[in-house]
file entry.cif (mmCIF, C-alpha atoms)
data_target
loop_
_atom_site.label_atom_id
_atom_site.label_comp_id
_atom_site.auth_asym_id
_atom_site.auth_seq_id
_atom_site.Cartn_x
_atom_site.Cartn_y
_atom_site.Cartn_z
CA MET V 104 56.98 282.34 229.90
CA LYS V 105 54.10 282.72 227.46
CA TYR V 106 53.93 281.44 223.90
CA SER V 107 53.48 284.15 221.27
CA VAL V 108 50.59 284.24 218.82
CA VAL V 109 49.83 286.37 215.77
CA VAL V 110 46.31 286.74 214.39
CA VAL V 111 45.87 287.23 210.62
CA ASP V 112 42.33 288.25 209.70
CA ASP V 113 40.96 291.03 207.51
CA HIS V 114 37.91 291.52 209.74
CA THR V 115 39.10 293.99 212.37
CA LEU V 116 36.40 293.31 214.97
CA LEU V 117 36.87 289.54 214.77
CA SER V 118 40.62 289.95 214.92
CA GLN V 119 40.35 292.08 218.03
CA ALA V 120 37.93 289.61 219.63
CA ILE V 121 40.30 286.70 218.96
CA GLU V 122 43.21 288.72 220.34
CA SER V 123 41.30 289.52 223.53
CA MET V 124 40.33 285.88 223.98
CA VAL V 125 43.85 284.51 223.47
CA ASN V 126 45.26 287.08 225.89
CA THR V 127 43.10 285.58 228.66
CA PHE V 128 44.88 282.23 228.30
CA ASP V 129 47.56 281.57 230.92
CA LYS V 130 50.25 280.42 228.52
CA PHE V 131 49.63 282.62 225.47
CA LYS V 132 49.83 286.25 224.38
CA VAL V 133 49.17 287.99 221.07
CA LEU V 134 52.15 289.86 219.65
CA TYR V 135 50.18 291.73 216.99
CA THR V 136 47.47 291.30 214.36
CA CYS V 137 47.59 291.54 210.55
CA LYS V 138 44.93 292.02 207.89
CA ASN V 139 46.44 289.66 205.30
CA GLY V 140 49.42 287.47 204.48
CA LYS V 141 51.37 290.26 202.81
CA GLU V 142 51.24 292.32 205.99
CA LEU V 143 52.38 289.27 207.94
CA SER V 144 55.31 288.58 205.60
CA ASP V 145 56.42 292.20 205.90
CA LYS V 146 56.36 291.89 209.69
CA PHE V 147 58.31 288.62 209.65
CA THR V 148 61.04 289.95 207.38
CA GLY V 149 61.16 293.26 209.22
CA SER V 150 62.46 291.88 212.52
CA PRO V 151 63.13 288.48 214.12
CA MET V 152 61.27 289.81 217.17
CA ASN V 153 58.08 289.67 215.11
CA ILE V 154 58.23 285.90 214.54
CA PRO V 155 55.75 284.11 216.86
CA ASP V 156 55.29 280.53 217.97
CA ILE V 157 51.83 280.28 216.40
CA VAL V 158 49.98 282.03 213.58
CA LEU V 159 46.17 281.92 213.57
CA VAL V 160 45.12 282.62 210.01
CA ASP V 161 41.80 283.17 208.26
CA VAL V 162 41.25 281.51 204.87
CA ASN V 163 39.56 284.21 202.79
CA MET V 164 41.59 287.43 202.82
CA PRO V 165 42.51 290.02 200.19
CA VAL V 166 46.03 290.50 198.79
CA MET V 167 47.34 287.18 200.14
CA ASN V 168 44.83 284.57 201.32
CA GLY V 169 45.14 281.91 204.01
CA ILE V 170 46.40 279.16 201.74
CA GLU V 171 49.09 281.39 200.22
CA THR V 172 50.03 282.71 203.66
CA THR V 173 50.34 279.23 205.11
CA GLN V 174 52.56 278.08 202.25
CA TRP V 175 54.81 281.12 202.66
CA VAL V 176 55.20 280.67 206.41
CA VAL V 177 55.88 276.93 206.15
CA GLU V 178 58.47 277.43 203.41
CA ASN V 179 60.29 280.31 205.10
CA TYR V 180 59.69 279.78 208.83
CA PRO V 181 59.03 276.04 209.35
CA GLN V 182 59.39 276.41 213.12
CA VAL V 183 56.18 278.48 213.25
CA HIS V 184 52.92 276.56 213.76
CA VAL V 185 50.10 277.69 211.47
CA MET V 186 46.49 277.02 212.47
CA ALA V 187 43.48 278.01 210.37
CA LEU V 188 40.71 279.82 212.22
CA SER V 189 37.90 280.41 209.76
CA VAL V 190 34.16 280.34 209.03
CA GLU V 191 34.90 278.10 206.04
CA ASP V 192 33.77 274.54 206.75
CA ALA V 193 33.86 273.03 203.25
CA ASP V 194 35.93 269.84 203.17
CA ASN V 195 37.78 270.95 200.06
CA THR V 196 38.92 274.18 201.73
CA ILE V 197 40.05 272.37 204.87
CA LEU V 198 42.10 269.89 202.83
CA LYS V 199 43.71 272.71 200.84
CA MET V 200 44.80 274.44 204.05
CA LEU V 201 46.19 271.23 205.52
CA LYS V 202 48.04 270.42 202.30
CA ALA V 203 49.48 273.94 202.36
CA GLY V 204 51.03 273.12 205.74
CA ALA V 205 48.50 274.15 208.39
CA VAL V 206 48.81 271.91 211.47
CA GLY V 207 45.28 272.57 212.65
CA TYR V 208 41.89 273.83 211.48
CA LEU V 209 39.20 275.35 213.71
CA LEU V 210 35.98 277.20 212.98
CA LYS V 211 35.50 280.68 214.41
CA ASP V 212 32.50 279.57 216.47
CA THR V 213 34.78 277.20 218.41
CA GLN V 214 34.39 277.43 222.17
CA LYS V 215 37.05 279.30 224.10
CA GLU V 216 38.29 276.23 225.98
CA VAL V 217 38.66 274.28 222.73
CA LEU V 218 40.83 277.01 221.24
CA GLU V 219 43.03 277.07 224.32
CA LYS V 220 43.35 273.27 224.23
CA ALA V 221 44.24 273.42 220.54
CA LEU V 222 46.98 275.99 221.13
CA LEU V 223 48.44 273.93 223.95
CA GLU V 224 48.46 270.77 221.84
CA LEU V 225 50.11 272.65 219.00
CA MET V 226 53.01 273.56 221.26
CA GLU V 227 53.19 270.10 222.86
CA ASN V 228 52.58 267.81 219.88
CA GLY V 229 53.12 270.03 216.84
CA PHE V 230 49.53 269.67 215.59
CA TYR V 231 45.87 269.66 216.61
CA HIS V 232 43.06 267.98 214.69
CA THR V 233 39.41 267.64 215.65
CA LYS V 234 37.70 264.29 215.11
CA GLU V 235 36.02 265.69 211.99
CA VAL V 236 39.31 266.83 210.46
CA THR V 237 41.01 263.53 211.34
CA SER V 238 38.20 261.61 209.63
CA LEU V 239 38.46 263.88 206.60
CA LEU V 240 42.20 263.25 206.36
CA ILE V 241 41.76 259.48 206.61
CA ASP V 242 39.11 259.51 203.88
CA SER V 243 41.26 261.67 201.59
CA VAL V 244 44.27 259.39 202.00
CA SER V 245 42.28 256.17 201.54
CA GLY V 246 40.31 257.56 198.62
CA LYS V 247 37.13 256.48 200.35
CA LYS V 248 34.05 257.58 198.43
CA ASN V 249 30.96 255.71 199.51
CA ARG V 250 28.27 257.65 197.66
CA SER V 251 25.47 255.67 199.30
CA ASN V 252 26.58 256.63 202.79
CA VAL V 253 27.75 260.24 202.46
CA GLU V 254 27.30 262.64 205.37
CA PHE V 255 26.50 266.25 204.58
CA LYS V 256 26.79 269.44 206.57
CA GLU V 257 23.60 271.48 206.88
CA ASN V 258 24.89 274.21 204.56
CA GLU V 259 25.94 271.62 201.98
CA LEU V 260 22.36 270.32 201.89
CA LYS V 261 21.00 273.87 201.56
CA PHE V 262 23.42 274.56 198.74
CA MET V 263 22.55 271.30 196.98
CA ARG V 264 18.83 272.07 197.05
CA LEU V 265 19.41 275.59 195.74
CA ALA V 266 21.73 274.21 193.06
CA CYS V 267 18.74 272.27 191.78
CA SER V 268 17.01 275.58 191.00
CA GLU V 269 17.70 278.05 188.20
CA LEU V 270 19.72 280.31 190.51
CA THR V 271 23.30 281.10 189.56
CA TYR V 272 26.08 280.34 192.06
CA LYS V 273 26.31 284.08 192.79
CA GLU V 274 22.57 284.23 193.51
CA ILE V 275 22.87 281.15 195.74
CA ALA V 276 25.63 282.90 197.70
CA GLU V 277 23.37 285.93 198.22
CA LYS V 278 20.43 283.76 199.26
CA MET V 279 22.58 281.88 201.80
CA PHE V 280 24.25 285.11 203.00
CA LEU V 281 27.68 283.67 202.17
CA SER V 282 30.55 284.79 199.97
CA PRO V 283 30.90 283.41 196.43
CA LYS V 284 34.20 281.81 197.50
CA THR V 285 32.43 279.90 200.27
CA ILE V 286 29.82 278.69 197.78
CA ASP V 287 32.62 277.60 195.43
CA GLY V 288 34.06 275.64 198.34
CA TYR V 289 30.76 273.83 198.96
CA ARG V 290 30.44 273.07 195.25
CA ASP V 291 33.98 271.69 194.93
CA SER V 292 33.61 269.70 198.15
CA LEU V 293 30.37 268.09 196.95
CA PHE V 294 31.82 267.33 193.54
CA THR V 295 34.65 265.50 195.30
CA LYS V 296 32.42 263.71 197.83
CA LEU V 297 29.97 262.50 195.21
CA ASP V 298 32.50 261.95 192.43
CA VAL V 299 30.54 264.11 190.00
CA ARG V 300 32.01 266.51 187.46
CA ASN V 301 29.37 269.20 187.11
CA ARG V 302 26.14 270.73 188.37
CA VAL V 303 24.03 268.32 186.36
CA GLY V 304 25.59 265.37 188.18
CA LEU V 305 24.95 267.12 191.50
CA VAL V 306 21.28 267.70 190.64
CA MET V 307 20.83 264.08 189.51
CA TYR V 308 22.30 262.85 192.81
CA ALA V 309 20.04 265.18 194.83
CA ILE V 310 16.90 264.03 193.02
CA LYS V 311 17.83 260.33 193.09
CA ASN V 312 18.50 260.45 196.85
CA LYS V 313 15.42 262.59 197.57
CA ILE V 314 17.46 265.50 198.86
CA TYR V 315 15.53 267.62 196.35
CA THR V 316 12.02 266.90 195.13
CA PRO V 317 11.02 268.61 191.85
#
call {"tool": "encode", "arguments": {"input": "entry.cif", "output": "structure tokens"}}
result
Amino acid sequence: MKYSVVVVDDHTLLSQAIESMVNTFDKFKVLYTCKNGKELSDKFTGSPMNIPDIVLVDVNMPVMNGIETTQWVVENYPQVHVMALSVEDADNTILKMLKAGAVGYLLKDTQKEVLEKALLELMENGFYHTKEVTSLLIDSVSGKKNRSNVEFKENELKFMRLACSELTYKEIAEKMFLSPKTIDGYRDSLFTKLDVRNRVGLVMYAIKNKIYTP
């Protein structure tokens, strides 16, 4: 017996690649793929045969995004395990997905064996968290904010340096080859990490800590 998986991603090629990968796993098979949460909800309500064991969902999608999709699945089909599989690595985005009810969060560049392990642990334990996500959860619960010992992802540092320029957030997104939503995620995550309220506070932190040199 194989566990059933549904992939929800608006990028067709990526969706097909994920489907092909999952179908090579001994204990899993993909039932179907969807382009957004609305399409998934229509499938779920259309037939009980369409309800899988696991839903792998992207975060940024049109019509009904990953957070909205996760909330809908958890509220209406709590027996289904929802795991985020996304390019979004901003802490704020990860926390939003977990608060929405996702029981795991992986990046799309995750190795094949890690994805298989994650799916197995989902079915065995009901959740799967990497060390990074576990640490993030602990910090969010404890309210830990040590501004003098903050660790940044490479893209967060790039964003912070560009934020110290006269570029708009939209122009920063173009320069980093990322979507405006991803840039918003980095901004919100840094505001939370550094306990600052605006771009000025972010720039002051970057200059003070020599992340950016005028």
call {"tool": "closest_residue", "arguments": {"input": "entry.cif", "among": "V:Val206, V:Val177, V:Leu222, V:Ala193", "to": "Lys296 (chain V)", "atoms": "all atoms listed in the file"}}
result
V:Ala193
call {"tool": "atom_distance", "arguments": {"input": "entry.cif", "atom1": "CA of Ser123 (chain V)", "atom2": "CA of Leu188 (chain V)"}}
result
14.9 Å
call {"tool": "resolve_selection", "arguments": {"input": "entry.cif", "expression": "the PyMOL selection byres ((chain V and resi 162) around 9)", "output": "ChimeraX atom specification"}}
result
/V:112,160-161,163-164,168-170,172,187-191,196,200
call {"tool": "atom_distance", "arguments": {"input": "entry.cif", "atom1": "CA of Pro283 (chain V)", "atom2": "CA of Thr136 (chain V)"}}
result
25.7 Å
call {"tool": "resolve_selection", "arguments": {"input": "entry.cif", "expression": "the PyMOL selection byres ((chain V and resi 215) around 12)", "output": "list in words"}}
result
Ala120, Ile121, Glu122, Ser123, Met124, Val125, Asn126, Thr127, Phe128, Leu209, Leu210, Lys211, Asp212, Thr213, Gln214, Glu216, Val217, Leu218, Glu219, Lys220, Ala221 and Leu222 of chain V
call {"tool": "resolve_selection", "arguments": {"input": "entry.cif", "expression": "the PyMOL selection byres ((chain V and resi 229-240) around 9)", "output": "list in words"}}
result
His184, Met186, Asp194, Ile197, Leu198, Leu201, Ala205, Val206, Gly207, Tyr208, Leu209, Lys220, Ala221, Leu222, Leu223, Glu224, Leu225, Met226, Glu227, Asn228, Ile241, Asp242, Ser243, Val244 and Ser245 of chain V
call {"tool": "atom_distance", "arguments": {"input": "entry.cif", "atom1": "CA of Gln119 (chain V)", "atom2": "CA of Leu134 (chain V)"}}
result
12.1 Å
call {"tool": "closest_residue", "arguments": {"input": "entry.cif", "among": "V:His114, V:Lys202, V:Lys132, V:Arg290", "to": "Glu259 (chain V)", "atoms": "only C-alpha atoms"}}
result
V:Arg290
call {"tool": "closest_residue", "arguments": {"input": "entry.cif", "among": "V:Leu265, V:Leu305, V:Met167, V:Thr115", "to": "Glu277 (chain V)", "atoms": "all atoms listed in the file"}}
result
V:Leu265
call {"tool": "build_atoms", "arguments": {"input": "entry.cif", "residues": "region 188-207 of chain V", "atoms": "N, CA and C atoms", "output": "PDB file, in the frame of the given file"}}
result
ATOM      1  N   LEU V 188      41.858 279.472 211.381  1.00  0.00           N
ATOM      2  CA  LEU V 188      40.710 279.820 212.220  1.00  0.00           C
ATOM      3  C   LEU V 188      39.756 280.571 211.312  1.00  0.00           C
ATOM      4  N   SER V 189      38.701 279.880 210.862  1.00  0.00           N
ATOM      5  CA  SER V 189      37.900 280.410 209.760  1.00  0.00           C
ATOM      6  C   SER V 189      36.426 280.037 209.905  1.00  0.00           C
ATOM      7  N   VAL V 190      35.585 280.709 209.114  1.00  0.00           N
ATOM      8  CA  VAL V 190      34.160 280.340 209.030  1.00  0.00           C
ATOM      9  C   VAL V 190      33.960 279.283 207.956  1.00  0.00           C
ATOM     10  N   GLU V 191      34.985 279.060 207.144  1.00  0.00           N
ATOM     11  CA  GLU V 191      34.900 278.100 206.040  1.00  0.00           C
ATOM     12  C   GLU V 191      34.890 276.669 206.580  1.00  0.00           C
ATOM     13  N   ASP V 192      33.835 275.916 206.262  1.00  0.00           N
ATOM     14  CA  ASP V 192      33.770 274.540 206.750  1.00  0.00           C
ATOM     15  C   ASP V 192      33.658 273.514 205.624  1.00  0.00           C
ATOM     16  N   ALA V 193      33.896 273.961 204.385  1.00  0.00           N
ATOM     17  CA  ALA V 193      33.860 273.030 203.250  1.00  0.00           C
ATOM     18  C   ALA V 193      35.067 272.113 203.292  1.00  0.00           C
ATOM     19  N   ASP V 194      34.843 270.820 203.097  1.00  0.00           N
ATOM     20  CA  ASP V 194      35.930 269.840 203.170  1.00  0.00           C
ATOM     21  C   ASP V 194      37.080 270.189 202.245  1.00  0.00           C
ATOM     22  N   ASN V 195      36.753 270.642 201.041  1.00  0.00           N
ATOM     23  CA  ASN V 195      37.780 270.950 200.060  1.00  0.00           C
ATOM     24  C   ASN V 195      38.711 272.066 200.541  1.00  0.00           C
ATOM     25  N   THR V 196      38.125 273.064 201.192  1.00  0.00           N
ATOM     26  CA  THR V 196      38.920 274.180 201.730  1.00  0.00           C
ATOM     27  C   THR V 196      39.808 273.710 202.859  1.00  0.00           C
ATOM     28  N   ILE V 197      39.269 272.885 203.740  1.00  0.00           N
ATOM     29  CA  ILE V 197      40.050 272.370 204.870  1.00  0.00           C
ATOM     30  C   ILE V 197      41.244 271.571 204.359  1.00  0.00           C
ATOM     31  N   LEU V 198      41.014 270.705 203.384  1.00  0.00           N
ATOM     32  CA  LEU V 198      42.100 269.890 202.830  1.00  0.00           C
ATOM     33  C   LEU V 198      43.165 270.760 202.169  1.00  0.00           C
ATOM     34  N   LYS V 199      42.745 271.813 201.474  1.00  0.00           N
ATOM     35  CA  LYS V 199      43.710 272.710 200.840  1.00  0.00           C
ATOM     36  C   LYS V 199      44.602 273.380 201.881  1.00  0.00           C
ATOM     37  N   MET V 200      44.018 273.794 202.990  1.00  0.00           N
ATOM     38  CA  MET V 200      44.800 274.440 204.050  1.00  0.00           C
ATOM     39  C   MET V 200      45.786 273.452 204.683  1.00  0.00           C
ATOM     40  N   LEU V 201      45.320 272.236 204.916  1.00  0.00           N
ATOM     41  CA  LEU V 201      46.190 271.230 205.520  1.00  0.00           C
ATOM     42  C   LEU V 201      47.323 270.845 204.576  1.00  0.00           C
ATOM     43  N   LYS V 202      47.003 270.742 203.291  1.00  0.00           N
ATOM     44  CA  LYS V 202      48.040 270.420 202.300  1.00  0.00           C
ATOM     45  C   LYS V 202      49.045 271.562 202.166  1.00  0.00           C
ATOM     46  N   ALA V 203      48.589 272.784 202.437  1.00  0.00           N
ATOM     47  CA  ALA V 203      49.480 273.940 202.360  1.00  0.00           C
ATOM     48  C   ALA V 203      50.460 273.965 203.539  1.00  0.00           C
ATOM     49  N   GLY V 204      50.117 273.192 204.595  1.00  0.00           N
ATOM     50  CA  GLY V 204      51.030 273.120 205.740  1.00  0.00           C
ATOM     51  C   GLY V 204      50.432 273.485 207.078  1.00  0.00           C
ATOM     52  N   ALA V 205      49.138 273.834 207.111  1.00  0.00           N
ATOM     53  CA  ALA V 205      48.500 274.150 208.390  1.00  0.00           C
ATOM     54  C   ALA V 205      48.480 272.893 209.272  1.00  0.00           C
ATOM     55  N   VAL V 206      48.765 273.060 210.551  1.00  0.00           N
ATOM     56  CA  VAL V 206      48.810 271.910 211.470  1.00  0.00           C
ATOM     57  C   VAL V 206      47.554 271.847 212.343  1.00  0.00           C
ATOM     58  N   GLY V 207      46.547 272.606 211.940  1.00  0.00           N
ATOM     59  CA  GLY V 207      45.280 272.570 212.650  1.00  0.00           C
ATOM     60  C   GLY V 207      44.245 273.391 211.913  1.00  0.00           C
TER      61      GLY V 207
END
